[in-house]
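S.K.: Got a file for you: upload23.cif, mmCIF, N, CA and C atoms.
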data_input
#
loop_
_atom_site.label_atom_id
_atom_site.label_comp_id
_atom_site.auth_asym_id
_atom_site.auth_seq_id
_atom_site.Cartn_x
_atom_site.Cartn_y
_atom_site.Cartn_z
N MET J 1 128.69 118.05 101.68
CA MET J 1 127.63 118.82 102.27
C MET J 1 127.04 118.03 103.43
N LYS J 2 126.84 118.67 104.55
CA LYS J 2 126.35 118.01 105.75
C LYS J 2 124.82 117.94 105.71
N GLN J 3 124.28 116.77 106.03
CA GLN J 3 122.84 116.59 106.03
C GLN J 3 122.26 117.19 107.31
N GLN J 4 121.19 117.97 107.17
CA GLN J 4 120.55 118.58 108.33
C GLN J 4 119.66 117.55 109.01
N LEU J 5 119.60 117.64 110.32
CA LEU J 5 118.74 116.75 111.09
C LEU J 5 117.31 117.25 111.04
N SER J 6 116.38 116.34 111.15
CA SER J 6 114.97 116.69 111.11
C SER J 6 114.60 117.52 112.34
N ALA J 7 113.66 118.45 112.14
CA ALA J 7 113.21 119.29 113.24
C ALA J 7 112.07 118.62 114.01
N LYS J 8 111.72 117.37 113.63
CA LYS J 8 110.65 116.64 114.29
C LYS J 8 111.00 116.42 115.77
N ASN J 9 110.01 116.56 116.63
CA ASN J 9 110.24 116.33 118.05
C ASN J 9 110.53 114.85 118.28
N VAL J 10 111.56 114.59 119.03
CA VAL J 10 111.96 113.24 119.35
C VAL J 10 111.49 112.93 120.77
N PRO J 11 110.82 111.76 120.98
CA PRO J 11 110.42 111.42 122.34
C PRO J 11 111.64 111.40 123.27
N HIS J 12 111.44 111.84 124.49
CA HIS J 12 112.55 111.95 125.43
C HIS J 12 112.92 110.63 126.07
N SER J 13 112.06 109.67 126.00
CA SER J 13 112.30 108.43 126.70
C SER J 13 112.50 107.28 125.73
N SER J 14 113.57 106.54 125.92
CA SER J 14 113.77 105.36 125.08
C SER J 14 112.76 104.27 125.43
N ILE J 15 112.22 104.30 126.65
CA ILE J 15 111.19 103.33 127.05
C ILE J 15 109.95 103.50 126.16
N HIS J 16 109.58 104.75 125.91
CA HIS J 16 108.45 105.03 125.04
C HIS J 16 108.68 104.46 123.65
N ILE J 17 109.86 104.65 123.12
CA ILE J 17 110.18 104.19 121.78
C ILE J 17 110.15 102.66 121.72
N TRP J 18 110.71 101.99 122.71
CA TRP J 18 110.73 100.53 122.69
C TRP J 18 109.35 99.95 122.96
N LEU J 19 108.53 100.62 123.76
CA LEU J 19 107.16 100.17 123.97
C LEU J 19 106.37 100.24 122.67
N MET J 20 106.54 101.34 121.94
CA MET J 20 105.87 101.46 120.65
C MET J 20 106.41 100.44 119.65
N SER J 21 107.69 100.11 119.75
CA SER J 21 108.26 99.08 118.87
C SER J 21 107.59 97.74 119.13
N PHE J 22 107.35 97.43 120.39
CA PHE J 22 106.67 96.18 120.75
C PHE J 22 105.25 96.15 120.19
N ILE J 23 104.53 97.26 120.33
CA ILE J 23 103.15 97.33 119.83
C ILE J 23 103.13 97.22 118.30
N VAL J 24 104.04 97.93 117.64
CA VAL J 24 104.09 97.89 116.18
C VAL J 24 104.49 96.49 115.70
N ALA J 25 105.36 95.81 116.42
CA ALA J 25 105.75 94.45 116.05
C ALA J 25 104.55 93.51 116.15
N LEU J 26 103.73 93.68 117.20
CA LEU J 26 102.53 92.86 117.31
C LEU J 26 101.57 93.14 116.16
N LEU J 27 101.40 94.41 115.80
CA LEU J 27 100.54 94.76 114.67
C LEU J 27 101.08 94.17 113.36
N ALA J 28 102.39 94.20 113.20
CA ALA J 28 102.99 93.64 111.99
C ALA J 28 102.77 92.13 111.92
N LEU J 29 102.87 91.45 113.06
CA LEU J 29 102.60 90.01 113.08
C LEU J 29 101.14 89.71 112.74
N MET J 30 100.23 90.52 113.26
CA MET J 30 98.82 90.35 112.93
C MET J 30 98.56 90.63 111.45
N ALA J 31 99.24 91.64 110.92
CA ALA J 31 99.08 91.95 109.50
C ALA J 31 99.60 90.81 108.64
N LEU J 32 100.70 90.21 109.05
CA LEU J 32 101.24 89.06 108.32
C LEU J 32 100.26 87.89 108.38
N ALA J 33 99.63 87.68 109.51
CA ALA J 33 98.65 86.60 109.65
C ALA J 33 97.43 86.86 108.77
N THR J 34 96.99 88.11 108.71
CA THR J 34 95.82 88.40 107.86
C THR J 34 96.18 88.32 106.38
N ALA J 35 97.42 88.59 106.04
CA ALA J 35 97.84 88.53 104.64
C ALA J 35 97.77 87.11 104.09
N THR J 36 97.86 86.12 104.97
CA THR J 36 97.78 84.73 104.50
C THR J 36 96.37 84.39 104.01
N HIS J 37 95.37 85.17 104.39
CA HIS J 37 94.00 84.92 103.97
C HIS J 37 93.62 85.65 102.69
N LEU J 38 94.52 86.47 102.15
CA LEU J 38 94.20 87.23 100.94
C LEU J 38 93.79 86.35 99.76
N PRO J 39 94.50 85.25 99.46
CA PRO J 39 94.06 84.41 98.33
C PRO J 39 92.66 83.84 98.52
N GLN J 40 92.32 83.50 99.76
CA GLN J 40 90.98 82.98 100.04
C GLN J 40 89.92 84.05 99.78
N TYR J 41 90.20 85.28 100.19
CA TYR J 41 89.25 86.37 99.97
C TYR J 41 89.12 86.70 98.49
N LEU J 42 90.23 86.61 97.74
CA LEU J 42 90.18 86.84 96.30
C LEU J 42 89.35 85.77 95.60
N ALA J 43 89.54 84.52 96.00
CA ALA J 43 88.84 83.40 95.36
C ALA J 43 87.34 83.45 95.65
N SER J 44 86.97 83.86 96.85
CA SER J 44 85.55 83.87 97.21
C SER J 44 84.86 85.18 96.80
N GLY J 45 85.63 86.17 96.40
CA GLY J 45 85.04 87.45 95.98
C GLY J 45 84.56 88.28 97.15
N ASP J 46 85.11 88.04 98.32
CA ASP J 46 84.73 88.80 99.52
C ASP J 46 85.49 90.14 99.52
N VAL J 47 84.91 91.13 98.88
CA VAL J 47 85.57 92.41 98.66
C VAL J 47 85.75 93.18 99.97
N VAL J 48 84.79 93.10 100.86
CA VAL J 48 84.85 93.86 102.11
C VAL J 48 86.03 93.39 102.96
N ARG J 49 86.19 92.10 103.12
CA ARG J 49 87.32 91.57 103.89
C ARG J 49 88.64 91.84 103.18
N LEU J 50 88.63 91.76 101.86
CA LEU J 50 89.84 92.03 101.09
C LEU J 50 90.30 93.47 101.28
N VAL J 51 89.39 94.41 101.16
CA VAL J 51 89.73 95.83 101.34
C VAL J 51 90.15 96.11 102.78
N GLY J 52 89.44 95.53 103.74
CA GLY J 52 89.79 95.72 105.14
C GLY J 52 91.17 95.18 105.47
N THR J 53 91.50 94.02 104.91
CA THR J 53 92.81 93.43 105.14
C THR J 53 93.91 94.27 104.52
N VAL J 54 93.69 94.76 103.30
CA VAL J 54 94.69 95.59 102.64
C VAL J 54 94.89 96.90 103.41
N ILE J 55 93.81 97.51 103.88
CA ILE J 55 93.94 98.76 104.64
C ILE J 55 94.68 98.51 105.96
N PHE J 56 94.35 97.41 106.66
CA PHE J 56 95.03 97.09 107.91
C PHE J 56 96.52 96.84 107.68
N ASN J 57 96.85 96.11 106.60
CA ASN J 57 98.25 95.84 106.30
C ASN J 57 99.01 97.12 105.96
N LEU J 58 98.37 98.02 105.23
CA LEU J 58 99.02 99.30 104.93
C LEU J 58 99.22 100.14 106.19
N ALA J 59 98.23 100.13 107.08
CA ALA J 59 98.37 100.88 108.34
C ALA J 59 99.50 100.30 109.19
N ALA J 60 99.62 98.98 109.23
CA ALA J 60 100.70 98.35 109.98
C ALA J 60 102.05 98.68 109.36
N LEU J 61 102.13 98.71 108.04
CA LEU J 61 103.37 99.04 107.36
C LEU J 61 103.77 100.49 107.62
N VAL J 62 102.81 101.40 107.58
CA VAL J 62 103.10 102.81 107.88
C VAL J 62 103.58 102.96 109.32
N GLY J 63 102.95 102.26 110.25
CA GLY J 63 103.40 102.30 111.64
C GLY J 63 104.80 101.77 111.82
N LEU J 64 105.13 100.72 111.09
CA LEU J 64 106.47 100.14 111.16
C LEU J 64 107.52 101.10 110.61
N VAL J 65 107.22 101.73 109.47
CA VAL J 65 108.15 102.69 108.88
C VAL J 65 108.33 103.90 109.80
N ASP J 66 107.24 104.39 110.38
CA ASP J 66 107.34 105.53 111.30
C ASP J 66 108.14 105.17 112.54
N ASN J 67 107.99 103.95 113.04
CA ASN J 67 108.74 103.54 114.21
C ASN J 67 110.23 103.45 113.91
N ILE J 68 110.58 102.94 112.75
CA ILE J 68 111.99 102.90 112.35
C ILE J 68 112.54 104.31 112.22
N HIS J 69 111.75 105.21 111.65
CA HIS J 69 112.17 106.60 111.50
C HIS J 69 112.38 107.25 112.87
N THR J 70 111.51 106.94 113.83
CA THR J 70 111.66 107.47 115.18
C THR J 70 112.93 106.95 115.83
N HIS J 71 113.26 105.67 115.62
CA HIS J 71 114.51 105.12 116.15
C HIS J 71 115.72 105.85 115.56
N VAL J 72 115.67 106.12 114.26
CA VAL J 72 116.78 106.83 113.61
C VAL J 72 116.91 108.24 114.17
N LEU J 73 115.79 108.95 114.32
CA LEU J 73 115.84 110.31 114.88
C LEU J 73 116.39 110.30 116.30
N PHE J 74 115.95 109.33 117.10
CA PHE J 74 116.43 109.25 118.48
C PHE J 74 117.93 108.96 118.51
N TRP J 75 118.38 108.06 117.63
CA TRP J 75 119.80 107.74 117.56
C TRP J 75 120.61 108.96 117.14
N GLN J 76 120.12 109.72 116.14
CA GLN J 76 120.80 110.93 115.71
C GLN J 76 120.83 111.96 116.83
N HIS J 77 119.72 112.08 117.55
CA HIS J 77 119.65 113.04 118.67
C HIS J 77 120.63 112.65 119.77
N GLN J 78 120.71 111.35 120.08
CA GLN J 78 121.65 110.90 121.10
C GLN J 78 123.09 111.16 120.67
N ASN J 79 123.42 110.92 119.42
CA ASN J 79 124.78 111.17 118.94
C ASN J 79 125.11 112.66 118.93
N ARG J 80 124.15 113.50 118.57
CA ARG J 80 124.37 114.94 118.55
C ARG J 80 124.58 115.48 119.97
N VAL J 81 123.78 115.00 120.90
CA VAL J 81 123.93 115.43 122.29
C VAL J 81 125.26 114.94 122.85
N GLY J 82 125.66 113.72 122.51
CA GLY J 82 126.92 113.16 122.99
C GLY J 82 128.11 113.92 122.46
N VAL J 83 128.03 114.44 121.25
CA VAL J 83 129.14 115.19 120.65
C VAL J 83 129.25 116.57 121.26
N THR J 84 128.11 117.20 121.59
CA THR J 84 128.15 118.57 122.09
C THR J 84 128.48 118.66 123.58
N LYS J 85 128.41 117.54 124.30
CA LYS J 85 128.78 117.58 125.71
C LYS J 85 130.29 117.75 125.83
N PRO J 86 130.72 118.62 126.72
CA PRO J 86 132.16 118.80 126.88
C PRO J 86 132.80 117.56 127.51
N GLY J 87 133.92 117.16 126.97
CA GLY J 87 134.62 115.98 127.49
C GLY J 87 135.60 116.38 128.56
N ILE J 88 136.17 115.41 129.22
CA ILE J 88 137.17 115.66 130.25
C ILE J 88 138.52 115.77 129.57
N ALA J 89 139.19 116.87 129.81
CA ALA J 89 140.51 117.08 129.20
C ALA J 89 141.55 116.28 129.96
N ALA J 90 142.38 115.61 129.21
CA ALA J 90 143.42 114.79 129.86
C ALA J 90 144.72 115.56 129.99
#
Could you render the structure from this file as structure tokens?

M.R.:
Amino acid sequence: MKQQLSAKNVPHSSIHIWLMSFIVALLALMALATATHLPQYLASGDVVRLVGTVIFNLAALVGLVDNIHTHVLFWQHQNRVGVTKPGIAA
């Protein structure tokens, strides 16, 4: 059975996708840096910083997963367009 492609709109520009990849990578690095402070926040009982760090890390993770999904959709769209273009007959 053939898997159907998602009907989600795919950005038309690969520059847009790679720019967002750069931004998401920076957010992921910041999330990793904040995650190193989690034991300190747990030990001191600083609940506000702990909750804020966990929410920020989850938001960065969701952005990373969505960016990977966008890359997959763009790759599938490129392959589908490449297959449907008529080739040169030899």

S.K.: Do you know which residues are at most 12 Å from Leu50 of chain J counting only C-alpha atoms, after dropping those on the same chain fewer than 6 positions away, and could you put them as an MDAnalysis selection string?

M.R.: chainID J and resid 34:44 56:57

S.K.: Work out how far apart atom N of Asn67 of chain J and atom C of Val51 of chain J are and give it in Å to one decimal.

M.R.: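 Computing the Euclidean distance for atom N of Asn67 of chain J and atom C of Val51 of chain J yields 22.0 Å.
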
S.K.: So what do you get for atom CA of Arg49 of chain J versus atom CA of Asp66 of chain J, distance-wise?

M.R.: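 Going from atom CA of Arg49 of chain J over to atom CA of Asp66 of chain J, I get 25.5 Å.
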
S.K.: Please, what is the axis-aligned box for every listed atom of segment 16-31 of chain J with 8 Å on each side, as centre and edge lengths in Å to one decimal, as AutoDock Vina command-line options?

M.R.:
--center_x 104.6 --center_y 97.4 --center_z 117.3 --size_x 28.2 --size_y 31.3 --size_z 33.3

S.K.: With only C-alpha atoms as the basis for distance, which of J:Gln76, J:Ala31, J:Ile68, J:Ile17 is at the shortest distance from Val54 of chain J?

M.R.: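 Selected residue with least distance to Val54 of chain J: J:Ala31.
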
S.K.: Would you kindly translate the PyMOL selection byres ((chain J and resi 18-28) around 7) into the concrete residues it picks from this file, as a PDB file with N, CA and C atoms, keeping the file's coordinate frame?

M.R.:
ATOM      1  N   SER J  13     112.060 109.670 126.000  1.00  0.00           N
ATOM      2  CA  SER J  13     112.300 108.430 126.700  1.00  0.00           C
ATOM      3  C   SER J  13     112.500 107.280 125.730  1.00  0.00           C
ATOM      4  N   SER J  14     113.570 106.540 125.920  1.00  0.00           N
ATOM      5  CA  SER J  14     113.770 105.360 125.080  1.00  0.00           C
ATOM      6  C   SER J  14     112.760 104.270 125.430  1.00  0.00           C
ATOM      7  N   ILE J  15     112.220 104.300 126.650  1.00  0.00           N
ATOM      8  CA  ILE J  15     111.190 103.330 127.050  1.00  0.00           C
ATOM      9  C   ILE J  15     109.950 103.500 126.160  1.00  0.00           C
ATOM     10  N   HIS J  16     109.580 104.750 125.910  1.00  0.00           N
ATOM     11  CA  HIS J  16     108.450 105.030 125.040  1.00  0.00           C
ATOM     12  C   HIS J  16     108.680 104.460 123.650  1.00  0.00           C
ATOM     13  N   ILE J  17     109.860 104.650 123.120  1.00  0.00           N
ATOM     14  CA  ILE J  17     110.180 104.190 121.780  1.00  0.00           C
ATOM     15  C   ILE J  17     110.150 102.660 121.720  1.00  0.00           C
ATOM     16  N   LEU J  29     102.870  91.450 113.060  1.00  0.00           N
ATOM     17  CA  LEU J  29     102.600  90.010 113.080  1.00  0.00           C
ATOM     18  C   LEU J  29     101.140  89.710 112.740  1.00  0.00           C
ATOM     19  N   MET J  30     100.230  90.520 113.260  1.00  0.00           N
ATOM     20  CA  MET J  30      98.820  90.350 112.930  1.00  0.00           C
ATOM     21  C   MET J  30      98.560  90.630 111.450  1.00  0.00           C
ATOM     22  N   ALA J  31      99.240  91.640 110.920  1.00  0.00           N
ATOM     23  CA  ALA J  31      99.080  91.950 109.500  1.00  0.00           C
ATOM     24  C   ALA J  31      99.600  90.810 108.640  1.00  0.00           C
ATOM     25  N   LEU J  32     100.700  90.210 109.050  1.00  0.00           N
ATOM     26  CA  LEU J  32     101.240  89.060 108.320  1.00  0.00           C
ATOM     27  C   LEU J  32     100.260  87.890 108.380  1.00  0.00           C
ATOM     28  N   ALA J  33      99.630  87.680 109.510  1.00  0.00           N
ATOM     29  CA  ALA J  33      98.650  86.600 109.650  1.00  0.00           C
ATOM     30  C   ALA J  33      97.430  86.860 108.770  1.00  0.00           C
ATOM     31  N   ALA J  60      99.620  98.980 109.230  1.00  0.00           N
ATOM     32  CA  ALA J  60     100.700  98.350 109.980  1.00  0.00           C
ATOM     33  C   ALA J  60     102.050  98.680 109.360  1.00  0.00           C
ATOM     34  N   LEU J  61     102.130  98.710 108.040  1.00  0.00           N
ATOM     35  CA  LEU J  61     103.370  99.040 107.360  1.00  0.00           C
ATOM     36  C   LEU J  61     103.770 100.490 107.620  1.00  0.00           C
ATOM     37  N   GLY J  63     102.950 102.260 110.250  1.00  0.00           N
ATOM     38  CA  GLY J  63     103.400 102.300 111.640  1.00  0.00           C
ATOM     39  C   GLY J  63     104.800 101.770 111.820  1.00  0.00           C
ATOM     40  N   LEU J  64     105.130 100.720 111.090  1.00  0.00           N
ATOM     41  CA  LEU J  64     106.470 100.140 111.160  1.00  0.00           C
ATOM     42  C   LEU J  64     107.520 101.100 110.610  1.00  0.00           C
ATOM     43  N   ASN J  67     107.990 103.950 113.040  1.00  0.00           N
ATOM     44  CA  ASN J  67     108.740 103.540 114.210  1.00  0.00           C
ATOM     45  C   ASN J  67     110.230 103.450 113.910  1.00  0.00           C
TER      46      ASN J  67
END

S.K.: So how many Å separate atom N of Val47 of chain J and atom N of Ala59 of chain J, to one decimal?

M.R.: 18.0 Å
